[in-house]
$ cat coords14.txt   # compact mmCIF, C-alpha atoms
# COMPACT_ATOMS: atom_id res chain seq x y z
CA MET H 49 141.48 196.94 -64.48
CA THR H 50 138.43 194.69 -64.26
CA ASP H 51 135.89 195.56 -66.96
CA LEU H 52 132.39 194.42 -67.79
CA HIS H 53 133.33 192.82 -71.09
CA ALA H 54 136.03 190.64 -69.52
CA LEU H 55 134.05 189.52 -66.43
CA GLY H 56 133.65 185.75 -66.56
CA ARG H 57 134.96 185.57 -70.13
CA GLY H 58 136.85 182.44 -71.06
CA VAL H 59 135.32 180.30 -68.30
CA PRO H 60 133.41 177.30 -69.72
CA THR H 61 129.78 177.24 -68.47
CA PRO H 62 128.41 173.84 -69.56
CA TYR H 63 125.61 173.66 -66.98
CA VAL H 64 122.49 175.32 -68.37
CA LEU H 65 119.13 176.03 -66.77
CA SER H 66 116.16 177.45 -68.70
CA LEU H 67 113.50 179.22 -66.65
CA ARG H 68 110.15 180.86 -67.34
CA PHE H 69 108.57 183.14 -64.74
CA VAL H 70 105.00 183.89 -65.87
CA ASP H 71 105.82 184.82 -69.51
CA VAL H 72 109.44 185.89 -69.00
CA PRO H 73 112.00 183.34 -70.28
CA LEU H 74 115.53 183.43 -68.86
CA ARG H 75 118.61 181.29 -69.32
CA VAL H 76 121.18 180.59 -66.62
CA ARG H 77 124.65 179.24 -67.38
CA THR H 78 127.26 178.20 -64.82
CA ASN H 79 130.59 176.45 -64.52
CA ASP H 80 129.60 174.70 -61.28
CA ALA H 81 127.47 171.55 -60.97
CA ASP H 82 126.53 172.31 -57.35
CA VAL H 83 125.30 175.83 -58.17
CA TRP H 84 123.35 174.44 -61.14
CA ALA H 85 121.73 171.70 -59.02
CA SER H 86 120.87 174.08 -56.18
CA LEU H 87 119.27 176.61 -58.52
CA GLY H 88 117.42 173.83 -60.33
CA HIS H 89 115.93 172.70 -57.04
CA TYR H 90 115.11 176.23 -55.90
CA PHE H 91 113.42 177.24 -59.17
CA GLU H 92 112.01 173.78 -59.93
CA PRO H 93 108.40 174.90 -60.62
CA TRP H 94 109.65 177.28 -63.32
CA VAL H 95 112.22 175.11 -65.11
CA THR H 96 111.38 174.75 -68.83
CA PRO H 97 112.85 172.97 -71.87
CA GLY H 98 114.23 176.31 -73.07
CA ASP H 99 112.42 176.59 -76.39
CA ALA H 100 111.83 180.36 -76.14
CA ALA H 101 114.54 182.95 -76.72
CA PRO H 102 115.52 184.35 -73.30
CA VAL H 103 115.09 188.03 -72.46
CA ALA H 104 118.38 187.76 -70.56
CA VAL H 105 121.23 185.30 -70.09
CA VAL H 106 122.64 185.06 -66.57
CA THR H 107 126.17 183.64 -66.26
CA LEU H 108 127.23 182.44 -62.81
CA VAL H 109 130.91 181.65 -62.23
CA GLN H 110 132.03 179.88 -59.08
CA GLY H 111 135.44 181.42 -58.59
CA HIS H 112 137.54 184.13 -57.02
CA PRO H 113 136.95 187.61 -58.47
CA ARG H 114 139.72 190.15 -58.32
CA PRO H 115 137.98 193.50 -58.58
CA GLU H 116 140.34 196.22 -59.70
CA GLY H 117 139.81 199.93 -60.07
CA THR H 118 137.52 202.28 -58.17
CA PHE H 119 134.02 201.38 -57.01
CA ALA H 120 131.67 203.95 -55.47
CA ASP H 121 129.66 202.86 -52.43
CA VAL H 122 125.90 203.20 -52.81
CA ALA H 123 124.36 204.73 -49.68
CA ARG H 124 121.15 203.10 -48.44
CA ARG H 125 118.10 205.25 -47.77
CA ASP H 126 117.60 203.68 -44.35
CA GLY H 127 121.14 204.65 -43.28
CA LYS H 128 122.22 201.03 -42.74
CA ALA H 129 125.64 199.67 -43.64
CA VAL H 130 126.56 199.81 -47.32
CA LYS H 131 125.89 196.56 -49.19
CA GLU H 132 126.96 197.46 -52.72
CA ALA H 133 129.47 199.53 -54.63
CA VAL H 134 129.28 200.23 -58.36
CA ARG H 135 131.35 201.32 -61.29
CA LEU H 136 129.70 202.58 -64.46
CA GLU H 137 130.94 200.98 -67.67
CA PRO H 138 130.16 201.58 -71.33
CA HIS H 139 126.75 199.92 -71.92
CA GLY H 140 126.42 198.68 -68.34
CA ARG H 141 127.83 198.59 -64.81
CA LEU H 142 129.83 196.51 -62.37
CA ILE H 143 128.43 195.82 -58.90
CA LEU H 144 130.62 194.73 -56.01
CA LYS H 145 128.86 193.09 -53.06
CA ARG H 146 130.75 194.43 -50.05
CA ARG H 147 129.80 191.68 -47.58
CA THR H 148 130.56 188.67 -49.75
CA GLY H 149 132.99 189.94 -52.38
CA VAL H 150 130.77 188.67 -55.22
CA LEU H 151 131.34 190.77 -58.34
CA MET H 152 128.44 191.24 -60.75
CA GLY H 153 128.15 192.78 -64.20
CA LEU H 154 125.02 194.07 -65.90
CA ALA H 155 124.40 194.94 -69.53
CA PRO H 156 121.19 194.90 -71.58
CA GLY H 157 120.08 191.27 -71.87
CA ARG H 158 123.08 189.96 -69.94
CA ALA H 159 124.17 189.53 -66.33
CA VAL H 160 127.26 187.92 -64.80
CA ALA H 161 128.23 187.05 -61.23
CA VAL H 162 131.64 185.77 -60.13
CA GLY H 163 132.41 184.66 -56.57
CA ASP H 164 131.72 182.00 -53.99
CA LEU H 165 128.18 181.35 -55.16
CA ARG H 166 127.92 177.99 -53.41
CA ALA H 167 128.16 179.82 -50.07
CA ASN H 168 126.15 182.80 -51.31
CA LEU H 169 123.50 181.18 -53.48
CA ASN H 170 120.97 183.82 -52.46
CA GLN H 171 122.93 186.41 -54.44
CA ALA H 172 122.71 184.27 -57.57
CA ILE H 173 118.96 183.92 -56.96
CA ASN H 174 118.62 187.68 -56.52
CA LEU H 175 120.49 188.36 -59.76
CA VAL H 176 118.17 186.03 -61.68
CA ASN H 177 115.15 187.71 -60.10
CA ALA H 178 116.54 191.16 -60.92
CA CYS H 179 116.71 190.24 -64.61
CA TYR H 180 113.12 188.99 -64.49
CA ALA H 181 111.94 192.12 -62.67
CA LYS H 182 113.72 194.45 -65.08
CA ALA H 183 111.97 192.81 -68.02
CA VAL H 184 108.62 193.31 -66.26
CA VAL H 185 109.34 196.92 -65.23
CA GLU H 186 110.09 197.70 -68.88
CA ARG H 187 106.44 196.76 -69.58
CA GLY H 188 105.24 199.56 -67.31
CA TYR H 189 104.98 197.77 -63.97
CA LEU H 190 105.74 199.44 -60.64
CA LEU H 191 107.57 197.73 -57.80
CA LEU H 192 106.09 197.45 -54.31
CA HIS H 193 108.10 196.65 -51.18
CA ALA H 194 105.53 194.10 -50.02
CA SER H 195 104.74 190.48 -49.39
CA ALA H 196 101.58 189.15 -51.01
CA VAL H 197 99.07 186.30 -50.73
CA ALA H 198 96.10 185.26 -52.84
CA LYS H 199 92.67 183.76 -52.47
CA GLY H 200 91.66 182.58 -55.92
CA GLN H 201 92.77 185.40 -58.24
CA ASP H 202 92.44 188.10 -55.57
CA VAL H 203 95.74 189.35 -54.12
CA VAL H 204 96.42 191.20 -50.87
CA ALA H 205 99.77 192.99 -50.49
CA LEU H 206 101.37 193.48 -47.07
CA ALA H 207 103.76 196.43 -46.87
CA GLY H 208 105.87 197.89 -44.09
CA VAL H 209 109.35 198.87 -43.03
CA PRO H 210 112.00 196.11 -42.84
CA GLY H 211 111.22 193.98 -39.80
CA ALA H 212 107.52 194.94 -39.74
CA GLY H 213 106.47 191.30 -40.09
CA LYS H 214 105.50 191.15 -43.77
CA SER H 215 106.82 187.62 -44.30
CA THR H 216 105.47 186.43 -40.95
CA ALA H 217 102.02 187.78 -41.79
CA ALA H 218 102.12 186.11 -45.21
CA LEU H 219 103.04 182.75 -43.67
CA HIS H 220 100.18 182.97 -41.16
CA LEU H 221 97.82 183.65 -44.06
CA VAL H 222 99.17 180.65 -45.98
CA GLU H 223 98.55 178.54 -42.87
CA ALA H 224 94.97 179.87 -42.98
CA GLY H 225 94.44 178.65 -46.55
CA PHE H 226 95.79 181.45 -48.75
CA ARG H 227 98.34 180.88 -51.48
CA PHE H 228 101.70 182.64 -51.48
CA VAL H 229 102.49 185.17 -54.21
CA SER H 230 105.67 187.00 -53.16
CA ASN H 231 107.94 187.52 -50.19
CA ASP H 232 109.30 191.06 -50.30
CA ARG H 233 108.71 192.47 -53.79
CA LEU H 234 105.54 192.71 -55.89
CA LEU H 235 105.30 194.02 -59.46
CA VAL H 236 102.01 195.79 -60.24
CA ARG H 237 100.35 197.55 -63.16
CA ALA H 238 96.91 199.14 -63.41
CA THR H 239 94.88 197.84 -66.36
CA PRO H 240 91.24 198.34 -67.46
CA GLY H 241 90.42 195.05 -65.71
CA GLY H 242 92.12 195.91 -62.40
CA VAL H 243 95.65 195.85 -61.03
CA ASP H 244 97.77 193.02 -62.44
CA ALA H 245 100.18 191.66 -59.82
CA LEU H 246 103.28 189.55 -60.45
CA GLY H 247 105.30 187.97 -57.65
CA TYR H 248 108.99 187.20 -57.41
CA PRO H 249 109.88 183.47 -57.62
CA LYS H 250 111.66 183.65 -54.28
CA GLN H 251 111.06 181.67 -51.11
CA PRO H 252 110.22 183.64 -47.97
CA ARG H 253 113.26 184.31 -45.78
CA VAL H 254 112.30 184.40 -42.12
CA ASN H 255 113.91 185.10 -38.79
CA PRO H 256 113.84 182.82 -35.70
CA GLY H 257 110.95 184.74 -34.14
CA THR H 258 108.78 183.88 -37.13
CA VAL H 259 109.72 180.22 -36.90
CA LEU H 260 109.01 180.05 -33.16
CA HIS H 261 105.51 181.53 -33.44
CA HIS H 262 104.41 179.63 -36.55
CA PRO H 263 102.90 176.22 -35.66
CA ARG H 264 104.16 174.31 -38.68
CA LEU H 265 107.65 175.82 -38.63
CA ALA H 266 108.08 175.62 -34.86
CA ALA H 267 107.52 171.88 -35.02
CA ARG H 268 110.76 171.61 -36.99
CA LEU H 269 112.86 173.23 -34.28
CA LYS H 270 114.92 171.06 -31.99
CA PRO H 271 113.63 171.21 -28.38
CA GLU H 272 116.73 173.05 -27.19
CA GLU H 273 116.39 175.62 -30.01
CA ARG H 274 112.73 176.21 -29.17
CA GLN H 275 113.55 176.61 -25.49
CA ALA H 276 116.38 179.08 -26.14
CA LEU H 277 114.26 181.24 -28.44
CA ALA H 278 111.25 181.18 -26.11
CA ALA H 279 113.45 182.43 -23.26
CA MET H 280 114.45 185.59 -25.16
CA GLU H 281 112.89 188.97 -24.48
CA PRO H 282 110.23 189.79 -27.13
CA ALA H 283 112.11 192.82 -28.44
CA SER H 284 115.36 190.85 -28.79
CA LEU H 285 113.60 187.96 -30.53
CA TRP H 286 111.77 190.34 -32.89
CA GLY H 287 115.05 191.96 -33.93
CA LEU H 288 117.11 188.77 -34.20
CA GLU H 289 118.54 188.56 -37.74
CA ARG H 290 119.26 184.95 -38.70
CA LYS H 291 117.26 184.33 -41.84
CA CYS H 292 116.44 180.98 -43.39
CA ASP H 293 114.43 180.05 -46.48
CA VAL H 294 111.06 178.33 -46.25
CA ASP H 295 110.16 175.98 -49.12
CA LEU H 296 106.38 176.44 -49.11
CA ASP H 297 105.65 173.86 -51.81
CA ALA H 298 107.56 171.27 -49.76
CA LEU H 299 105.79 172.34 -46.57
CA TYR H 300 102.21 172.68 -47.86
CA GLY H 301 102.19 170.90 -51.21
CA ARG H 302 102.80 171.81 -54.85
CA GLY H 303 100.77 174.79 -55.99
CA THR H 304 101.04 176.76 -52.75
CA VAL H 305 103.07 179.40 -54.61
CA VAL H 306 101.47 181.33 -57.48
CA LEU H 307 103.05 184.26 -59.28
CA ARG H 308 100.05 186.08 -60.75
CA GLY H 309 96.76 187.55 -59.65
CA ARG H 310 94.72 190.74 -59.32
CA LEU H 311 95.76 193.07 -56.54
CA ARG H 312 92.71 194.22 -54.58
CA VAL H 313 94.04 195.44 -51.24
CA LEU H 314 97.22 197.05 -49.93
CA VAL H 315 97.71 196.58 -46.17
CA LEU H 316 100.17 198.94 -44.47
CA LEU H 317 101.68 197.28 -41.40
CA ARG H 318 102.44 200.30 -39.22
CA TRP H 319 102.06 198.37 -35.98
CA ARG H 320 105.01 198.22 -33.61
CA LEU H 321 106.23 196.05 -30.80
CA GLY H 322 104.97 197.64 -27.59
CA GLY H 323 102.07 199.40 -29.32
CA ASP H 324 98.60 199.62 -27.81
CA GLY H 325 95.72 197.50 -29.06
CA PHE H 326 95.12 196.56 -32.67
CA ALA H 327 93.42 198.96 -35.07
CA VAL H 328 92.55 198.87 -38.77
CA ARG H 329 91.22 201.81 -40.77
CA PRO H 330 90.81 202.48 -44.48
CA ILE H 331 92.78 205.38 -45.91
CA ALA H 332 92.83 206.93 -49.36
CA GLY H 333 94.13 209.86 -51.37
CA ALA H 334 96.71 212.07 -49.67
CA ALA H 335 96.66 209.97 -46.47
CA ALA H 336 97.63 206.84 -48.40
CA LEU H 337 100.20 208.66 -50.53
CA SER H 338 101.85 210.08 -47.39
CA GLN H 339 102.95 206.50 -46.60
CA LEU H 340 104.67 206.10 -49.98
CA ASP H 341 108.04 205.26 -48.44
CA LEU H 342 106.49 202.17 -46.82
CA PHE H 343 105.59 200.49 -50.10
CA ALA H 344 107.36 202.17 -53.04
CA LYS H 345 110.50 200.41 -54.25
CA ASP H 346 112.85 200.39 -57.22
CA LEU H 347 115.41 197.98 -58.65
CA GLY H 348 118.29 199.98 -57.23
CA VAL H 349 121.67 199.15 -58.75
CA PHE H 350 120.07 196.47 -60.93
CA ASP H 351 118.24 199.06 -63.08
CA LEU H 352 120.51 200.25 -65.86
CA ASP H 353 118.06 203.04 -66.67
CA GLN H 354 118.43 204.62 -63.23
CA ALA H 355 121.50 206.16 -61.62
CA PRO H 356 122.59 204.21 -58.52
CA GLY H 357 121.13 205.80 -55.38
CA ALA H 358 118.99 208.29 -57.32
CA PRO H 359 115.99 209.66 -55.37
CA ARG H 360 112.45 208.93 -56.47
CA ASP H 361 111.29 211.51 -59.01
CA ALA H 362 107.94 213.27 -59.25
CA GLU H 363 106.73 211.12 -62.15
CA ALA H 364 107.31 207.92 -60.16
CA SER H 365 105.37 209.36 -57.22
CA ALA H 366 102.54 210.32 -59.56
CA ARG H 367 102.39 206.78 -60.94
CA TYR H 368 102.07 205.37 -57.43
CA ALA H 369 99.31 207.91 -56.70
CA ARG H 370 97.36 206.69 -59.74
CA LEU H 371 97.85 203.10 -58.62
CA LEU H 372 96.44 203.85 -55.16
CA ASP H 373 93.25 205.13 -56.79
CA CYS H 374 92.64 201.53 -57.99
CA LEU H 375 93.12 199.87 -54.58
CA HIS H 376 91.63 199.59 -51.12
CA VAL H 377 94.33 200.68 -48.66
CA LEU H 378 94.19 199.64 -44.99
CA ASP H 379 96.30 201.18 -42.24
CA VAL H 380 97.13 198.74 -39.42
CA THR H 381 98.40 200.22 -36.16
CA GLY H 382 98.84 199.18 -32.54
CA ARG H 383 100.82 196.08 -31.66
CA PRO H 384 101.48 193.04 -33.90
CA ASP H 385 98.57 190.60 -33.78
CA PHE H 386 98.86 188.05 -36.57
CA PRO H 387 95.65 186.09 -35.79
CA ALA H 388 93.69 189.35 -35.83
CA LEU H 389 95.29 190.32 -39.13
CA VAL H 390 94.35 186.96 -40.62
CA GLY H 391 90.74 187.62 -39.60
CA VAL H 392 90.80 191.06 -41.24
CA VAL H 393 92.22 189.76 -44.53
CA ARG H 394 89.77 186.87 -44.60
CA GLY H 395 86.94 189.35 -44.21
CA LEU H 396 88.19 191.39 -47.16
CA LEU H 397 88.10 188.42 -49.58
$ encode --input "coords14.txt" --output "structure tokens"
Amino acid sequence: MTDLHALGRGVPTPYVLSLRFVDVPLRVRTNDADVWASLGHYFEPWVTPGDAAPVAVVTLVQGHPRPEGTFADVARRDGKAVKEAVRLEPHGRLILKRRTGVLMGLAPGRAVAVGDLRANLNQAINLVNACYAKAVVERGYLLLHASAVAKGQDVVALAGVPGAGKSTAALHLVEAGFRFVSNDRLLVRATPGGVDALGYPKQPRVNPGTVLHHPRLAARLKPEERQALAAMEPASLWGLERKCDVDLDALYGRGTVVLRGRLRVLVLLRWRLGGDGFAVRPIAGAAALSQLDLFAKDLGVFDLDQAPGAPRDAEASARYARLLDCLHVLDVTGRPDFPALVGVVRGLL
């Protein structure tokens, strides 16, 4: 039976990448030159000489895993198709990605992934980010399900259900002169000086509708692609799932992406396609906390200190409530209007 200790063992991993996200050093080892080169390009702003001892070592094996034994599917809170199954092991756990067959192992200070990582590089990226996020969460940070942008040191987080337009809104704000902090996850901690915010070193992943309606991205579409997308019904285009990464530093110049700032505002995108008008109102206290499911997040199967699929406990909810007391929270309703949202956020900062 496949076990955590044996996963990836005996495979030479001569290709090494040292990374440092903010003040979190990590080391990545792989047996595959293509995976190493692709990750080196993706994480290029955070590649370091590797002088510091890493908080975790991530081993990535391009190969064919043969998972044996029983894995338990982890139900998703939104009711969507299962993505992961797990098996608990002494001192860690195994995670089987149902869609791709990639097999991962987690133990304190160590992570392993075996599978076709050339074709599924995003899963290698996510595993690296999970190790970074776990190290930060252990310092007392909370996780928000939000994109984020910054003006100077001031950060605005954009939260909403999947498909609400968080990434699209962030890209419109970058086009308007903001810097990009994070695509879909934001780590936050209240301090005496404000709310410290740390982004994930992950490029925004956007759908075709975002590309079509963003001036700089739309220019990269072939004429026939633009025509086909423009001919789609708005609801079909909005729901079209065909994500691609956007390299913001390549598009706008080095320094467009920053990973740290002070969170000032949390914007809740509760607008919907087909809604009426565009409205923004401040909310606080119980009204803000009632929207907790829009912005609260956890590390899921990548948190060894939490049972897979466990519900949020009362202490976690209380910590989010205390965080909200330090922020301005805006509730955005009506229909999606990205130019109007840009104007609102500009006015805040």
$ atom_distance --input "coords14.txt" --atom1 "atom CA of Ala224 of chain H" --atom2 "atom CA of Phe326 of chain H"
19.6 Å
$ residues_around --input "coords14.txt" --residues "segment 101-107 of chain H" --least-positions-apart "5" --cutoff "12 Å" --atoms "all atoms listed in the file" --output "PyMOL selection string"
chain H and resi 55-69+71-80+83-84+96+151-163+165+172-184+186
$ residues_around --input "coords14.txt" --residues "segment 231-233 of chain H" --least-positions-apart "3" --cutoff "8 Å" --atoms "only C-alpha atoms" --output "number ranges by chain"
H: 191-196, 214-215, 218, 247-248, 250-253
$ closest_residue --input "coords14.txt" --among "H:Arg308, H:Arg125, H:Arg268, H:Lys131" --to "Ser230 of chain H" --atoms "only C-alpha atoms"
H:Arg308
$ atom_distance --input "coords14.txt" --atom1 "atom CA of Thr50 of chain H" --atom2 "atom CA of Pro115 of chain H"
5.8 Å
$ atom_distance --input "coords14.txt" --atom1 "atom CA of Glu273 of chain H" --atom2 "atom CA of Arg383 of chain H"
25.8 Å
$ residues_around --input "coords14.txt" --residues "Ala364 of chain H" --least-positions-apart "6" --cutoff "10 Å" --atoms "only C-alpha atoms" --output "VMD selection string"
chain H and resid 190 344 346
$ closest_residue --input "coords14.txt" --among "H:Phe386, H:Leu342, H:Asp361, H:Thr381" --to "Gly213 of chain H" --atoms "all atoms listed in the file"
H:Phe386
$ build_atoms --input "coords14.txt" --residues "segment 226-255 of chain H" --atoms "N, CA and C atoms" --output "compact mmCIF listing (two decimals), in the coordinates of the input"
# COMPACT_ATOMS: atom_id res chain seq x y z
N PHE H 226 95.44 180.60 -47.61
CA PHE H 226 95.79 181.45 -48.75
C PHE H 226 96.97 180.83 -49.50
N ARG H 227 97.15 181.26 -50.73
CA ARG H 227 98.34 180.88 -51.48
C ARG H 227 99.34 182.03 -51.44
N PHE H 228 100.60 181.69 -51.60
CA PHE H 228 101.70 182.64 -51.48
C PHE H 228 102.04 183.19 -52.85
N VAL H 229 102.18 184.52 -52.93
CA VAL H 229 102.49 185.17 -54.21
C VAL H 229 103.93 185.70 -54.22
N SER H 230 104.33 186.40 -53.14
CA SER H 230 105.67 187.00 -53.16
C SER H 230 106.10 187.34 -51.74
N ASN H 231 107.41 187.34 -51.54
CA ASN H 231 107.94 187.52 -50.19
C ASN H 231 108.19 188.98 -49.83
N ASP H 232 108.86 189.72 -50.69
CA ASP H 232 109.30 191.06 -50.30
C ASP H 232 109.19 192.07 -51.44
N ARG H 233 108.83 191.61 -52.61
CA ARG H 233 108.71 192.47 -53.79
C ARG H 233 107.47 192.03 -54.58
N LEU H 234 106.72 193.00 -55.08
CA LEU H 234 105.54 192.71 -55.89
C LEU H 234 105.52 193.70 -57.05
N LEU H 235 105.37 193.19 -58.26
CA LEU H 235 105.30 194.02 -59.46
C LEU H 235 103.83 194.23 -59.83
N VAL H 236 103.43 195.48 -60.04
CA VAL H 236 102.01 195.79 -60.24
C VAL H 236 101.83 196.78 -61.38
N ARG H 237 100.68 196.63 -62.07
CA ARG H 237 100.35 197.55 -63.16
C ARG H 237 98.84 197.67 -63.26
N ALA H 238 98.34 198.91 -63.25
CA ALA H 238 96.91 199.14 -63.41
C ALA H 238 96.50 198.88 -64.86
N THR H 239 95.41 198.14 -65.04
CA THR H 239 94.88 197.84 -66.36
C THR H 239 93.37 198.12 -66.33
N PRO H 240 92.70 198.13 -67.47
CA PRO H 240 91.24 198.34 -67.46
C PRO H 240 90.50 197.29 -66.64
N GLY H 241 91.08 196.10 -66.47
CA GLY H 241 90.42 195.05 -65.71
C GLY H 241 90.81 194.99 -64.25
N GLY H 242 91.65 195.92 -63.79
CA GLY H 242 92.12 195.91 -62.40
C GLY H 242 93.62 196.06 -62.34
N VAL H 243 94.20 195.70 -61.22
CA VAL H 243 95.65 195.85 -61.03
C VAL H 243 96.29 194.47 -61.16
N ASP H 244 97.04 194.27 -62.23
CA ASP H 244 97.77 193.02 -62.44
C ASP H 244 98.93 192.96 -61.46
N ALA H 245 99.11 191.83 -60.80
CA ALA H 245 100.18 191.66 -59.82
C ALA H 245 101.02 190.45 -60.17
N LEU H 246 102.34 190.62 -60.17
CA LEU H 246 103.28 189.55 -60.45
C LEU H 246 104.24 189.42 -59.28
N GLY H 247 104.38 188.21 -58.75
CA GLY H 247 105.30 187.97 -57.65
C GLY H 247 106.69 187.64 -58.12
N TYR H 248 107.62 187.66 -57.18
CA TYR H 248 108.99 187.20 -57.41
C TYR H 248 109.04 185.70 -57.10
N PRO H 249 109.71 184.90 -57.92
CA PRO H 249 109.88 183.47 -57.62
C PRO H 249 110.97 183.28 -56.57
N LYS H 250 110.67 183.68 -55.36
CA LYS H 250 111.66 183.65 -54.28
C LYS H 250 110.99 183.18 -53.00
N GLN H 251 111.61 182.21 -52.35
CA GLN H 251 111.06 181.67 -51.11
C GLN H 251 111.12 182.72 -50.01
N PRO H 252 110.15 182.71 -49.09
CA PRO H 252 110.22 183.64 -47.97
C PRO H 252 111.45 183.35 -47.11
N ARG H 253 112.11 184.43 -46.69
CA ARG H 253 113.26 184.31 -45.78
C ARG H 253 112.81 184.86 -44.44
N VAL H 254 112.89 184.04 -43.41
CA VAL H 254 112.30 184.40 -42.12
C VAL H 254 113.34 184.32 -41.01
N ASN H 255 113.06 185.08 -39.96
CA ASN H 255 113.91 185.10 -38.79
C ASN H 255 113.42 184.10 -37.74
